[in-house]
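Participant: Got data-v9.pdb for you, PDB, C-alpha atoms:
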```pdb
ATOM      1  CA  MET A   1     127.938 130.800 149.524
ATOM      2  CA  LEU A   2     125.682 127.803 148.933
ATOM      3  CA  ARG A   3     123.915 129.755 146.188
ATOM      4  CA  SER A   4     127.311 130.546 144.601
ATOM      5  CA  MET A   5     128.401 126.900 144.741
ATOM      6  CA  THR A   6     125.112 125.795 143.185
ATOM      7  CA  LYS A   7     125.482 128.376 140.426
ATOM      8  CA  ASN A   8     129.066 127.278 139.715
ATOM      9  CA  LEU A   9     128.029 123.614 139.656
ATOM     10  CA  ALA A  10     125.206 124.377 137.217
ATOM     11  CA  LEU A  11     127.657 126.288 135.005
ATOM     12  CA  ALA A  12     130.122 123.367 135.077
ATOM     13  CA  VAL A  13     127.397 120.888 134.136
ATOM     14  CA  SER A  14     126.241 123.194 131.356
ATOM     15  CA  LEU A  15     129.759 123.509 129.948
ATOM     16  CA  SER A  16     130.243 119.737 130.200
ATOM     17  CA  VAL A  17     127.032 119.059 128.288
ATOM     18  CA  ALA A  18     127.995 121.636 125.692
ATOM     19  CA  SER A  19     131.399 119.999 125.258
ATOM     20  CA  VAL A  20     129.792 116.605 124.728
ATOM     21  CA  GLY A  21     127.418 118.132 122.194
ATOM     22  CA  ILE A  22     130.328 119.643 120.269
ATOM     23  CA  ALA A  23     132.205 116.326 120.292
ATOM     24  CA  GLN A  24     129.155 114.464 119.033
ATOM     25  CA  ALA A  25     128.450 117.071 116.358
ATOM     26  CA  ALA A  26     132.002 116.652 115.035
ATOM     27  CA  THR A  27     131.467 112.956 114.310
ATOM     28  CA  LEU A  28     129.291 111.860 111.396
ATOM     29  CA  LYS A  29     127.758 108.392 111.341
ATOM     30  CA  LEU A  30     128.093 106.711 107.929
ATOM     31  CA  SER A  31     126.218 103.486 107.214
ATOM     32  CA  HIS A  32     126.944 101.007 104.443
ATOM     33  CA  VAL A  33     125.679  97.553 103.520
ATOM     34  CA  ARG A  34     128.773  95.357 103.237
ATOM     35  CA  PRO A  35     131.057  93.724 105.828
ATOM     36  CA  GLN A  36     134.383  95.202 106.875
ATOM     37  CA  GLY A  37     137.205  94.655 104.408
ATOM     38  CA  THR A  38     135.018  94.733 101.289
ATOM     39  CA  ALA A  39     135.605  97.196  98.442
ATOM     40  CA  ILE A  40     132.990  99.685  99.621
ATOM     41  CA  ASP A  41     134.265  99.494 103.191
ATOM     42  CA  LYS A  42     137.796 100.287 102.037
ATOM     43  CA  ASP A  43     136.611 103.193  99.884
ATOM     44  CA  ALA A  44     134.399 104.542 102.663
ATOM     45  CA  THR A  45     137.358 104.334 105.035
ATOM     46  CA  MET A  46     139.480 106.372 102.603
ATOM     47  CA  PHE A  47     136.650 108.902 102.349
ATOM     48  CA  ALA A  48     136.520 109.194 106.135
ATOM     49  CA  GLU A  49     140.284 109.640 106.348
ATOM     50  CA  ALA A  50     140.204 112.326 103.654
ATOM     51  CA  VAL A  51     137.514 114.291 105.512
ATOM     52  CA  SER A  52     139.432 114.071 108.775
ATOM     53  CA  LYS A  53     142.694 115.156 107.139
ATOM     54  CA  ALA A  54     141.085 118.074 105.299
ATOM     55  CA  THR A  55     139.536 119.400 108.523
ATOM     56  CA  ASP A  56     142.540 118.745 110.781
ATOM     57  CA  GLY A  57     140.523 116.137 112.659
ATOM     58  CA  LYS A  58     137.756 118.566 113.596
ATOM     59  CA  LEU A  59     135.276 116.598 111.506
ATOM     60  CA  ARG A  60     135.307 112.808 111.689
ATOM     61  CA  VAL A  61     133.330 110.114 109.908
ATOM     62  CA  LYS A  62     132.610 106.921 111.809
ATOM     63  CA  LEU A  63     131.709 103.885 109.706
ATOM     64  CA  TYR A  64     128.908 101.452 110.528
ATOM     65  CA  PRO A  65     129.324  98.551 108.070
ATOM     66  CA  ALA A  66     127.131  95.530 107.385
ATOM     67  CA  ASN A  67     123.789  97.280 107.987
ATOM     68  CA  ALA A  68     124.721  97.904 111.618
ATOM     69  CA  LEU A  69     122.309 100.852 111.725
ATOM     70  CA  GLY A  70     119.526  98.989 109.928
ATOM     71  CA  ASP A  71     118.506  97.748 106.510
ATOM     72  CA  TYR A  72     119.204 100.233 103.701
ATOM     73  CA  THR A  73     115.499 101.028 103.348
ATOM     74  CA  VAL A  74     115.336 101.996 107.022
ATOM     75  CA  VAL A  75     118.638 103.875 106.885
ATOM     76  CA  GLN A  76     117.440 105.971 103.944
ATOM     77  CA  GLU A  77     114.483 107.130 106.034
ATOM     78  CA  ARG A  78     116.772 107.819 108.990
ATOM     79  CA  VAL A  79     119.129 109.896 106.866
ATOM     80  CA  GLY A  80     116.150 111.981 105.743
ATOM     81  CA  LEU A  81     115.124 112.487 109.362
ATOM     82  CA  GLY A  82     118.679 113.193 110.522
ATOM     83  CA  ALA A  83     118.924 110.176 112.824
ATOM     84  CA  VAL A  84     121.770 108.882 110.627
ATOM     85  CA  ASP A  85     124.105 111.467 109.131
ATOM     86  CA  MET A  86     125.334 109.674 106.022
ATOM     87  CA  ALA A  87     125.126 106.438 104.048
ATOM     88  CA  VAL A  88     126.412 104.830 100.875
ATOM     89  CA  GLN A  89     123.941 102.205  99.713
ATOM     90  CA  PRO A  90     121.343 101.185  97.123
ATOM     91  CA  ILE A  91     118.314 103.391  96.547
ATOM     92  CA  SER A  92     115.068 102.432  98.241
ATOM     93  CA  SER A  93     112.031 103.220  96.081
ATOM     94  CA  GLY A  94     109.591 102.418  98.882
ATOM     95  CA  VAL A  95     108.850 106.066  99.650
ATOM     96  CA  ASP A  96     108.992 107.280  96.047
ATOM     97  CA  LYS A  97     108.450 104.747  93.260
ATOM     98  CA  ARG A  98     109.889 107.183  90.718
ATOM     99  CA  PHE A  99     113.332 106.024  91.846
ATOM    100  CA  GLN A 100     112.674 102.894  89.762
ATOM    101  CA  ILE A 101     113.671 104.816  86.644
ATOM    102  CA  VAL A 102     117.303 104.488  87.787
ATOM    103  CA  SER A 103     116.949 100.699  87.970
ATOM    104  CA  LEU A 104     115.551 100.177  84.483
ATOM    105  CA  PRO A 105     117.241  97.040  83.127
ATOM    106  CA  TYR A 106     119.697  97.490  80.270
ATOM    107  CA  MET A 107     119.844 101.261  80.640
ATOM    108  CA  ALA A 108     123.609 101.125  80.023
ATOM    109  CA  ALA A 109     125.359  99.045  77.375
ATOM    110  CA  ASP A 110     128.876  98.992  78.834
ATOM    111  CA  TRP A 111     131.061 100.749  81.420
ATOM    112  CA  ALA A 112     131.780 103.811  79.289
ATOM    113  CA  ASP A 113     128.085 104.202  78.574
ATOM    114  CA  ALA A 114     127.281 103.705  82.265
ATOM    115  CA  GLN A 115     129.599 106.518  83.323
ATOM    116  CA  LYS A 116     128.042 108.799  80.729
ATOM    117  CA  LYS A 117     124.522 107.991  81.905
ATOM    118  CA  PHE A 118     125.094 107.875  85.676
ATOM    119  CA  GLY A 119     128.148 110.071  86.266
ATOM    120  CA  PRO A 120     128.192 113.630  87.660
ATOM    121  CA  GLY A 121     126.072 116.068  85.677
ATOM    122  CA  SER A 122     124.098 113.364  83.869
ATOM    123  CA  VAL A 123     120.321 113.408  83.551
ATOM    124  CA  MET A 124     120.039 110.353  85.791
ATOM    125  CA  ARG A 125     122.295 111.862  88.452
ATOM    126  CA  ASN A 126     120.307 115.081  88.496
ATOM    127  CA  THR A 127     117.059 113.102  88.686
ATOM    128  CA  VAL A 128     118.328 111.051  91.620
ATOM    129  CA  SER A 129     119.503 114.208  93.402
ATOM    130  CA  ASP A 130     116.124 115.879  92.925
ATOM    131  CA  LEU A 131     114.187 112.879  94.218
ATOM    132  CA  TYR A 132     116.465 112.486  97.238
ATOM    133  CA  GLN A 133     116.186 116.192  98.007
ATOM    134  CA  LYS A 134     112.426 115.789  98.401
ATOM    135  CA  GLN A 135     113.255 113.474 101.319
ATOM    136  CA  GLY A 136     115.649 115.950 102.921
ATOM    137  CA  ILE A 137     118.702 114.127 101.577
ATOM    138  CA  LYS A 138     121.702 115.529  99.699
ATOM    139  CA  VAL A 139     123.580 113.422  97.144
ATOM    140  CA  LEU A 140     127.329 113.875  97.574
ATOM    141  CA  GLY A 141     128.516 111.307  95.056
ATOM    142  CA  ALA A 142     128.034 107.851  93.619
ATOM    143  CA  TRP A 143     129.681 104.448  93.876
ATOM    144  CA  PRO A 144     129.153 102.383  90.691
ATOM    145  CA  VAL A 145     128.965  98.744  91.721
ATOM    146  CA  TYR A 146     128.497  96.334  88.795
ATOM    147  CA  PHE A 147     126.455  95.075  85.910
ATOM    148  CA  GLY A 148     124.017  92.542  87.342
ATOM    149  CA  GLY A 149     123.558  88.873  86.696
ATOM    150  CA  ILE A 150     121.749  85.777  87.925
ATOM    151  CA  ALA A 151     122.991  83.465  90.685
ATOM    152  CA  LEU A 152     121.667  79.883  90.698
ATOM    153  CA  ASN A 153     122.022  76.980  93.089
ATOM    154  CA  LYS A 154     121.633  74.425  90.308
ATOM    155  CA  GLU A 155     122.218  74.106  86.593
ATOM    156  CA  VAL A 156     119.347  75.526  84.561
ATOM    157  CA  GLU A 157     119.113  74.714  80.873
ATOM    158  CA  GLY A 158     119.022  77.847  78.732
ATOM    159  CA  ALA A 159     119.844  80.063  81.721
ATOM    160  CA  ALA A 160     121.198  82.828  79.461
ATOM    161  CA  ASP A 161     118.485  82.511  76.822
ATOM    162  CA  SER A 162     115.565  84.823  77.563
ATOM    163  CA  SER A 163     113.420  83.171  74.891
ATOM    164  CA  ILE A 164     113.263  79.935  76.915
ATOM    165  CA  SER A 165     110.665  79.670  79.677
ATOM    166  CA  LYS A 166     112.294  78.008  82.651
ATOM    167  CA  SER A 167     110.698  76.378  85.667
ATOM    168  CA  ALA A 168     113.375  77.778  87.971
ATOM    169  CA  LYS A 169     112.158  80.239  90.575
ATOM    170  CA  VAL A 170     114.428  83.139  91.576
ATOM    171  CA  ARG A 171     114.263  85.623  94.401
ATOM    172  CA  VAL A 172     113.833  89.233  93.302
ATOM    173  CA  PRO A 173     113.770  92.402  95.423
ATOM    174  CA  PRO A 174     110.174  93.395  96.215
ATOM    175  CA  ILE A 175     110.256  96.025  93.461
ATOM    176  CA  LYS A 176     108.102  95.787  90.345
ATOM    177  CA  VAL A 177     110.947  96.394  87.903
ATOM    178  CA  PHE A 178     112.864  93.328  89.125
ATOM    179  CA  GLN A 179     109.777  91.122  89.089
ATOM    180  CA  LEU A 180     109.238  92.026  85.437
ATOM    181  CA  LEU A 181     112.936  91.541  84.710
ATOM    182  CA  ALA A 182     112.835  87.984  86.046
ATOM    183  CA  ASP A 183     109.748  87.168  83.996
ATOM    184  CA  ASN A 184     111.345  88.501  80.804
ATOM    185  CA  THR A 185     114.537  86.501  81.255
ATOM    186  CA  GLY A 186     112.447  83.337  81.378
ATOM    187  CA  PHE A 187     112.552  82.759  85.134
ATOM    188  CA  ILE A 188     109.775  82.842  87.726
ATOM    189  CA  GLY A 189     110.268  85.846  89.994
ATOM    190  CA  SER A 190     109.553  85.471  93.695
ATOM    191  CA  PRO A 191     109.664  88.765  95.641
ATOM    192  CA  LEU A 192     111.379  88.334  99.012
ATOM    193  CA  PRO A 193     113.101  90.691 101.456
ATOM    194  CA  PHE A 194     116.900  90.517 101.341
ATOM    195  CA  SER A 195     116.988  89.172 104.906
ATOM    196  CA  GLU A 196     115.114  86.048 103.770
ATOM    197  CA  ALA A 197     116.905  85.490 100.464
ATOM    198  CA  PHE A 198     119.860  83.345 101.572
ATOM    199  CA  THR A 199     117.714  80.928 103.556
ATOM    200  CA  ALA A 200     115.240  80.707 100.679
ATOM    201  CA  VAL A 201     118.012  79.630  98.292
ATOM    202  CA  GLN A 202     119.628  77.345 100.848
ATOM    203  CA  THR A 203     116.387  75.500 101.575
ATOM    204  CA  GLY A 204     115.272  75.321  97.940
ATOM    205  CA  VAL A 205     112.304  77.656  98.270
ATOM    206  CA  VAL A 206     113.858  79.445  95.298
ATOM    207  CA  ASP A 207     116.533  78.265  92.896
ATOM    208  CA  GLY A 208     118.526  81.464  92.727
ATOM    209  CA  VAL A 209     118.621  85.237  92.899
ATOM    210  CA  ILE A 210     118.190  88.176  90.522
ATOM    211  CA  GLY A 211     118.886  91.745  91.560
ATOM    212  CA  SER A 212     122.591  91.739  92.333
ATOM    213  CA  GLY A 213     125.921  91.135  90.614
ATOM    214  CA  ALA A 214     129.112  89.185  91.201
ATOM    215  CA  GLU A 215     130.207  91.443  94.083
ATOM    216  CA  GLY A 216     126.906  91.048  95.898
ATOM    217  CA  TYR A 217     126.624  87.334  95.264
ATOM    218  CA  TYR A 218     130.155  86.718  96.473
ATOM    219  CA  ALA A 219     129.590  88.828  99.591
ATOM    220  CA  SER A 220     126.230  87.317 100.555
ATOM    221  CA  PHE A 221     125.446  84.179  98.512
ATOM    222  CA  ARG A 222     128.703  82.447  97.569
ATOM    223  CA  ASP A 223     127.912  79.370  99.686
ATOM    224  CA  VAL A 224     124.717  78.734  97.714
ATOM    225  CA  THR A 225     125.792  79.973  94.268
ATOM    226  CA  LYS A 226     126.674  77.050  91.993
ATOM    227  CA  TYR A 227     126.206  78.887  88.681
ATOM    228  CA  TYR A 228     126.532  82.549  87.807
ATOM    229  CA  VAL A 229     125.011  84.017  84.633
ATOM    230  CA  PRO A 230     126.635  87.401  83.753
ATOM    231  CA  LEU A 231     123.712  88.624  81.670
ATOM    232  CA  ASN A 232     124.279  92.352  82.459
ATOM    233  CA  THR A 233     120.691  92.562  83.696
ATOM    234  CA  HIS A 234     120.981  96.049  85.177
ATOM    235  CA  PHE A 235     123.574  98.607  86.195
ATOM    236  CA  GLU A 236     123.858  99.034  89.949
ATOM    237  CA  VAL A 237     124.844 102.379  91.455
ATOM    238  CA  TRP A 238     124.978 103.224  95.148
ATOM    239  CA  TYR A 239     124.822 106.835  96.249
ATOM    240  CA  LEU A 240     126.761 108.613  98.958
ATOM    241  CA  ILE A 241     124.038 110.560 100.715
ATOM    242  CA  MET A 242     123.808 112.911 103.682
ATOM    243  CA  ASN A 243     121.099 114.602 105.671
ATOM    244  CA  GLU A 244     120.672 117.904 103.830
ATOM    245  CA  GLU A 245     120.023 120.011 106.910
ATOM    246  CA  ARG A 246     123.127 118.572 108.560
ATOM    247  CA  PHE A 247     125.243 119.460 105.508
ATOM    248  CA  ASN A 248     123.780 122.969 105.195
ATOM    249  CA  GLY A 249     124.486 123.633 108.869
ATOM    250  CA  MET A 250     128.216 123.080 108.454
ATOM    251  CA  LYS A 251     130.871 125.705 107.908
ATOM    252  CA  PRO A 252     131.758 126.331 104.240
ATOM    253  CA  ALA A 253     135.234 124.836 104.749
ATOM    254  CA  GLN A 254     133.719 121.627 106.127
ATOM    255  CA  GLN A 255     131.236 121.442 103.243
ATOM    256  CA  ALA A 256     134.102 121.864 100.800
ATOM    257  CA  ALA A 257     136.126 119.129 102.513
ATOM    258  CA  ILE A 258     133.250 116.660 102.340
ATOM    259  CA  SER A 259     132.405 117.551  98.732
ATOM    260  CA  GLU A 260     136.008 117.147  97.559
ATOM    261  CA  ALA A 261     136.416 113.856  99.414
ATOM    262  CA  ALA A 262     133.147 112.640  97.867
ATOM    263  CA  LEU A 263     134.308 113.550  94.358
ATOM    264  CA  ASN A 264     137.565 111.644  94.830
ATOM    265  CA  PHE A 265     135.601 108.750  96.343
ATOM    266  CA  GLU A 266     133.519 108.519  93.168
ATOM    267  CA  ASN A 267     136.242 109.132  90.608
ATOM    268  CA  SER A 268     138.527 106.481  92.048
ATOM    269  CA  ARG A 269     135.682 103.969  91.945
ATOM    270  CA  TRP A 270     134.845 104.622  88.291
ATOM    271  CA  ALA A 271     138.507 103.964  87.501
ATOM    272  CA  ARG A 272     138.481 100.546  89.199
ATOM    273  CA  ALA A 273     134.901  99.274  89.032
ATOM    274  CA  GLU A 274     135.155  97.248  85.815
ATOM    275  CA  MET A 275     138.281  95.441  87.003
ATOM    276  CA  ASP A 276     136.625  94.856  90.362
ATOM    277  CA  GLN A 277     133.645  93.218  88.656
ATOM    278  CA  ALA A 278     135.949  90.799  86.819
ATOM    279  CA  ALA A 279     137.787  90.065  90.065
ATOM    280  CA  ASN A 280     134.530  89.243  91.846
ATOM    281  CA  GLU A 281     133.462  86.882  89.071
ATOM    282  CA  LYS A 282     136.797  85.119  89.548
ATOM    283  CA  ARG A 283     136.203  84.971  93.320
ATOM    284  CA  LEU A 284     132.833  83.339  92.719
ATOM    285  CA  GLN A 285     134.518  80.805  90.463
ATOM    286  CA  GLU A 286     137.202  80.085  93.059
ATOM    287  CA  ALA A 287     134.438  79.601  95.634
ATOM    288  CA  GLY A 288     132.998  76.810  93.484
ATOM    289  CA  ALA A 289     130.607  78.521  91.078
ATOM    290  CA  THR A 290     130.548  77.859  87.345
ATOM    291  CA  ILE A 291     130.488  81.046  85.272
ATOM    292  CA  VAL A 292     127.967  80.400  82.505
ATOM    293  CA  ASP A 293     129.070  81.491  79.036
ATOM    294  CA  VAL A 294     126.893  84.353  77.817
ATOM    295  CA  THR A 295     127.153  85.589  74.234
ATOM    296  CA  PRO A 296     126.782  89.222  73.130
ATOM    297  CA  GLU A 297     123.762  88.088  71.099
ATOM    298  CA  GLN A 298     122.048  86.710  74.204
ATOM    299  CA  ILE A 299     122.617  89.981  76.039
ATOM    300  CA  ALA A 300     121.368  91.997  73.051
ATOM    301  CA  ASN A 301     118.272  89.801  72.639
ATOM    302  CA  THR A 302     117.446  90.026  76.336
ATOM    303  CA  ALA A 303     117.961  93.796  76.327
ATOM    304  CA  ALA A 304     115.628  94.234  73.358
ATOM    305  CA  LYS A 305     112.956  92.074  74.985
ATOM    306  CA  VAL A 306     113.195  93.899  78.296
ATOM    307  CA  LYS A 307     113.086  97.355  76.711
ATOM    308  CA  GLN A 308     109.982  96.352  74.771
ATOM    309  CA  ASN A 309     108.123  94.620  77.601
ATOM    310  CA  VAL A 310     109.403  96.119  80.862
ATOM    311  CA  TRP A 311     110.243  99.756  80.197
ATOM    312  CA  PRO A 312     106.733 100.859  79.097
ATOM    313  CA  VAL A 313     105.135  99.245  82.153
ATOM    314  CA  ILE A 314     107.506 100.969  84.574
ATOM    315  CA  VAL A 315     107.250 104.305  82.758
ATOM    316  CA  ASN A 316     103.454 104.189  82.994
ATOM    317  CA  ASP A 317     103.589 103.059  86.605
ATOM    318  CA  ILE A 318     105.774 105.920  87.814
ATOM    319  CA  GLY A 319     104.195 108.646  85.668
ATOM    320  CA  LYS A 320     104.466 108.485  81.901
ATOM    321  CA  GLU A 321     104.920 112.177  81.132
ATOM    322  CA  TRP A 322     107.564 112.687  83.838
ATOM    323  CA  ALA A 323     109.412 109.419  83.228
ATOM    324  CA  GLN A 324     109.410 109.527  79.423
ATOM    325  CA  GLU A 325     110.906 113.018  79.359
ATOM    326  CA  ILE A 326     113.752 111.925  81.634
ATOM    327  CA  LEU A 327     114.282 108.667  79.773
ATOM    328  CA  ASP A 328     114.436 110.403  76.387
ATOM    329  CA  ALA A 329     116.947 112.942  77.722
ATOM    330  CA  ALA A 330     119.103 110.233  79.328
ATOM    331  CA  LEU A 331     119.185 108.135  76.160
ATOM    332  CA  ALA A 332     120.154 111.179  74.117
ATOM    333  CA  GLU A 333     123.282 111.862  76.195
TER
END
```
Here is the file; what I need is its structure written in the form of structure tokens.
Facilitator:
Amino acid sequence: MLRSMTKNLALAVSLSVASVGIAQAATLKLSHVRPQGTAIDKDATMFAEAVSKATDGKLRVKLYPANALGDYTVVQERVGLGAVDMAVQPISSGVDKRFQIVSLPYMAADWADAQKKFGPGSVMRNTVSDLYQKQGIKVLGAWPVYFGGIALNKEVEGAADSSISKSAKVRVPPIKVFQLLADNTGFIGSPLPFSEAFTAVQTGVVDGVIGSGAEGYYASFRDVTKYYVPLNTHFEVWYLIMNEERFNGMKPAQQAAISEAALNFENSRWARAEMDQAANEKRLQEAGATIVDVTPEQIANTAAKVKQNVWPVIVNDIGKEWAQEILDAALAE
């Protein structure tokens, strides 16, 4: 009888553990970089709701906003390892520097051109998917963010004129392409981790920031942004990514539900992104920043300078034959 009771207890524990495992497997952890209530948080919430509805609640997506699971560079590694199921965030080129081809400044001229170059089926999208796949990551969709600009904590003469060498020092992400971008807009680039950027501006270690756009500056730097220069420095795209093994292990119906929700997630963003950029520039202005007038000629002159001085360096750095073939194909689209 004791043996029977022990056997029954072991079976009960086994079933309990199995039930917990099933419950955990039905919930996907999704990380993103912005606080709750921001545009990406709202869109990610709609994505999660769509997945739950399409699977009758059998598959749920739990959001972890504001880098709750770690900095985006760390999260990208964790998605590849399967420690985090999903994320929507900037690309980290730390593991593979070839990702820098997506961040080439002035790759896109305007929003229509950006959608053509970075939308589904484009050369850039396929390149990003291939590079992510080498890390065990599947690209489900994209979230176009903004055209970038320069945030400053003081007035800088000739801020929008790339032909003027300025003494102002700006924080750039520790990525070569952004260092070169700062230099070619006439500023002095100072590579710093994102976690140190706000304090660096606040204390005057640097005079501003390059590497983001109005949405990012409003979310993270509005208290220290006194001037914003909408120079369209680069086009920012975040990707909705998932651990590939996790996705492949799902039932076909679940894969279809996630894929359809991801497509709607992206399409709705392309429809609103340009208006959202304008709204964020207005928010910066309402928070006390002066929006510096930038002429089309200044943007065109800066773009020409950057393409001449920055693109060849990055292409050579990441592999000329590989990069040039992709770049030529992307520009021909």
Participant: Record the distance separating atom CA of A:Ile175 and atom CA of A:Asn316, expressed in Å with one decimal.
Facilitator: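 Between atom CA of A:Ile175 and atom CA of A:Asn316 the gap works out to 14.9 Å.
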Participant: Can you measure atom CA of A:Ala214 to atom CA of A:Asn309 for me? One decimal in Å is fine.
Facilitator: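 Between atom CA of A:Ala214 and atom CA of A:Asn309 the gap is 25.6 Å.
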Participant: Given the file shown, determine the residues that the PyMOL selection byres ((chain A and resi 123) around 10) selects; report them as a VMD selection string.
Facilitator: chain A and resid 116 to 122 124 to 129 326 to 333
Participant: Between atom CA of A:Leu104 and atom CA of A:Val177, measure the distance and give it in Å to one decimal.
Facilitator: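 Result for atom CA of A:Leu104 versus atom CA of A:Val177: 6.9 Å, one decimal.
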Participant: For the structure shown, which residues end up in the PyMOL selection byres ((chain A and resi 290) around 12)? Put them as a PDB file with C-alpha atoms, in the coordinates of the input, please?
Facilitator:
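Wrote selection.pdb, looks like this:
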```pdb
ATOM      1  CA  ILE A 150     121.749  85.777  87.925  1.00  0.00           C
ATOM      2  CA  ALA A 151     122.991  83.465  90.685  1.00  0.00           C
ATOM      3  CA  LEU A 152     121.667  79.883  90.698  1.00  0.00           C
ATOM      4  CA  ASN A 153     122.022  76.980  93.089  1.00  0.00           C
ATOM      5  CA  LYS A 154     121.633  74.425  90.308  1.00  0.00           C
ATOM      6  CA  GLU A 155     122.218  74.106  86.593  1.00  0.00           C
ATOM      7  CA  VAL A 156     119.347  75.526  84.561  1.00  0.00           C
ATOM      8  CA  ARG A 222     128.703  82.447  97.569  1.00  0.00           C
ATOM      9  CA  VAL A 224     124.717  78.734  97.714  1.00  0.00           C
ATOM     10  CA  THR A 225     125.792  79.973  94.268  1.00  0.00           C
ATOM     11  CA  LYS A 226     126.674  77.050  91.993  1.00  0.00           C
ATOM     12  CA  TYR A 227     126.206  78.887  88.681  1.00  0.00           C
ATOM     13  CA  TYR A 228     126.532  82.549  87.807  1.00  0.00           C
ATOM     14  CA  VAL A 229     125.011  84.017  84.633  1.00  0.00           C
ATOM     15  CA  PRO A 230     126.635  87.401  83.753  1.00  0.00           C
ATOM     16  CA  GLU A 281     133.462  86.882  89.071  1.00  0.00           C
ATOM     17  CA  LYS A 282     136.797  85.119  89.548  1.00  0.00           C
ATOM     18  CA  ARG A 283     136.203  84.971  93.320  1.00  0.00           C
ATOM     19  CA  LEU A 284     132.833  83.339  92.719  1.00  0.00           C
ATOM     20  CA  GLN A 285     134.518  80.805  90.463  1.00  0.00           C
ATOM     21  CA  GLU A 286     137.202  80.085  93.059  1.00  0.00           C
ATOM     22  CA  ALA A 287     134.438  79.601  95.634  1.00  0.00           C
ATOM     23  CA  GLY A 288     132.998  76.810  93.484  1.00  0.00           C
ATOM     24  CA  ALA A 289     130.607  78.521  91.078  1.00  0.00           C
ATOM     25  CA  ILE A 291     130.488  81.046  85.272  1.00  0.00           C
ATOM     26  CA  VAL A 292     127.967  80.400  82.505  1.00  0.00           C
ATOM     27  CA  ASP A 293     129.070  81.491  79.036  1.00  0.00           C
TER      28      ASP A 293
END
```
Participant: Residues near stretch 191-204 of chain A, anyone? I mean within 6 Å using only C-alpha atoms, not counting same-chain ones fewer than 4 positions away, as a list in words.
Facilitator: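 So, after excluding close chain neighbours, the residues are Arg171, Val172, Pro173, Pro174 and Gly208 of chain A.
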Participant: So that I can see what lies close to A:Ser165, please list as a compact mmCIF listing (two decimals) with C-alpha atoms, in the coordinates of the input the residues with an atom at most 10 Å from it, counting all atoms listed in the file and leaving out residues fewer than 5 positions away in the same chain.
Facilitator:
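For reference, around.txt as written:
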```txt
# COMPACT_ATOMS: atom_id res chain seq x y z
CA GLU A 157 119.11 74.71 80.87
CA GLY A 158 119.02 77.85 78.73
CA ALA A 159 119.84 80.06 81.72
CA ASP A 183 109.75 87.17 84.00
CA ASN A 184 111.34 88.50 80.80
CA THR A 185 114.54 86.50 81.26
CA GLY A 186 112.45 83.34 81.38
CA PHE A 187 112.55 82.76 85.13
CA ILE A 188 109.78 82.84 87.73
```
Participant: Which residues come within 10 Å of stretch 68-76 of chain A, counting all atoms listed in the file, excluding same-chain residues fewer than 3 positions away, as a PyMOL selection string?
Facilitator: chain A and resi 29-35+63-65+79-95+132+135+137+194-195+241-243
Participant: Using all atoms listed in the file, which residue out of A:Ala271, A:Ile210, A:Val61, A:Ala253 lies closest to A:Asn232?
Facilitator: A:Ile210
Participant: Name the closest residue to A:Asp113 among the candidates A:Lys166, A:Gln298, A:Trp270, A:Glu215; distances are taken between atoms, counting all atoms listed in the file.
Facilitator: A:Trp270
Participant: Considering all atoms listed in the file, return as a ChimeraX atom specification whatever protein or nucleic-acid residues lie within 12 Å of A:Lys305, sequence-local ones (same chain, fewer than 6 positions apart) excluded.
Facilitator: /A:105-106,161-163,180-186,233,298-299,311-312
Participant: Please determine, counting all atoms listed in the file, which residue among A:Arg60, A:Lys169, A:Lys42, A:Lys176 has the shortest atom-to-atom distance to A:Gln100.
Facilitator: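 Of A:Arg60, A:Lys169, A:Lys42, A:Lys176, the one nearest A:Gln100, counting all atoms listed in the file, is A:Lys176.
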Participant: Would you give the centre and edge lengths, in Å to one decimal, of a box along x, y and z around the listed atoms of stretch 270-285 of chain A, with 5 Å added to each side, as AutoDock Vina command-line options?
Facilitator:
```
--center_x 135.7 --center_y 92.7 --center_z 89.6 --size_x 15.7 --size_y 33.8 --size_z 17.5
```
Participant: Which polymer residues, whether protein, DNA or RNA, lie within 7 Å of the coordinate (124.4, 98.9, 91.7) when you count all atoms listed in the file? List them as a tab-separated table (two decimals) with C-alpha atoms, keeping the file's coordinate frame, using the chain letters and numbers from the file.
Facilitator:
```tsv
chain	number	residue	atom	x	y	z
A	90	PRO	CA	121.34	101.18	97.12
A	144	PRO	CA	129.15	102.38	90.69
A	145	VAL	CA	128.96	98.74	91.72
A	146	TYR	CA	128.50	96.33	88.80
A	235	PHE	CA	123.57	98.61	86.20
A	236	GLU	CA	123.86	99.03	89.95
A	237	VAL	CA	124.84	102.38	91.46
A	238	TRP	CA	124.98	103.22	95.15
```
Participant: May I have the protein, DNA and RNA residues with an atom at most 10 Å from (120.6, 122.1, 107.1), counting all atoms listed in the file in the file's coordinates, returned as an NGL selection string?
Facilitator: :A and (82 or 136-138 or 243-250)
Participant: Mind telling me what the PyMOL selection byres ((chain A and resi 57) around 12) catches here, as a PyMOL selection string?
Facilitator: chain A and resi 23+26-27+48-56+58-61+254+257
Participant: Which residue is closest to A:Phe265? Choose from A:Leu240, A:Ala160, A:Ala109, A:Lys320 and count only C-alpha atoms.
Facilitator: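 Distance minimum relative to A:Phe265 lands on A:Leu240.
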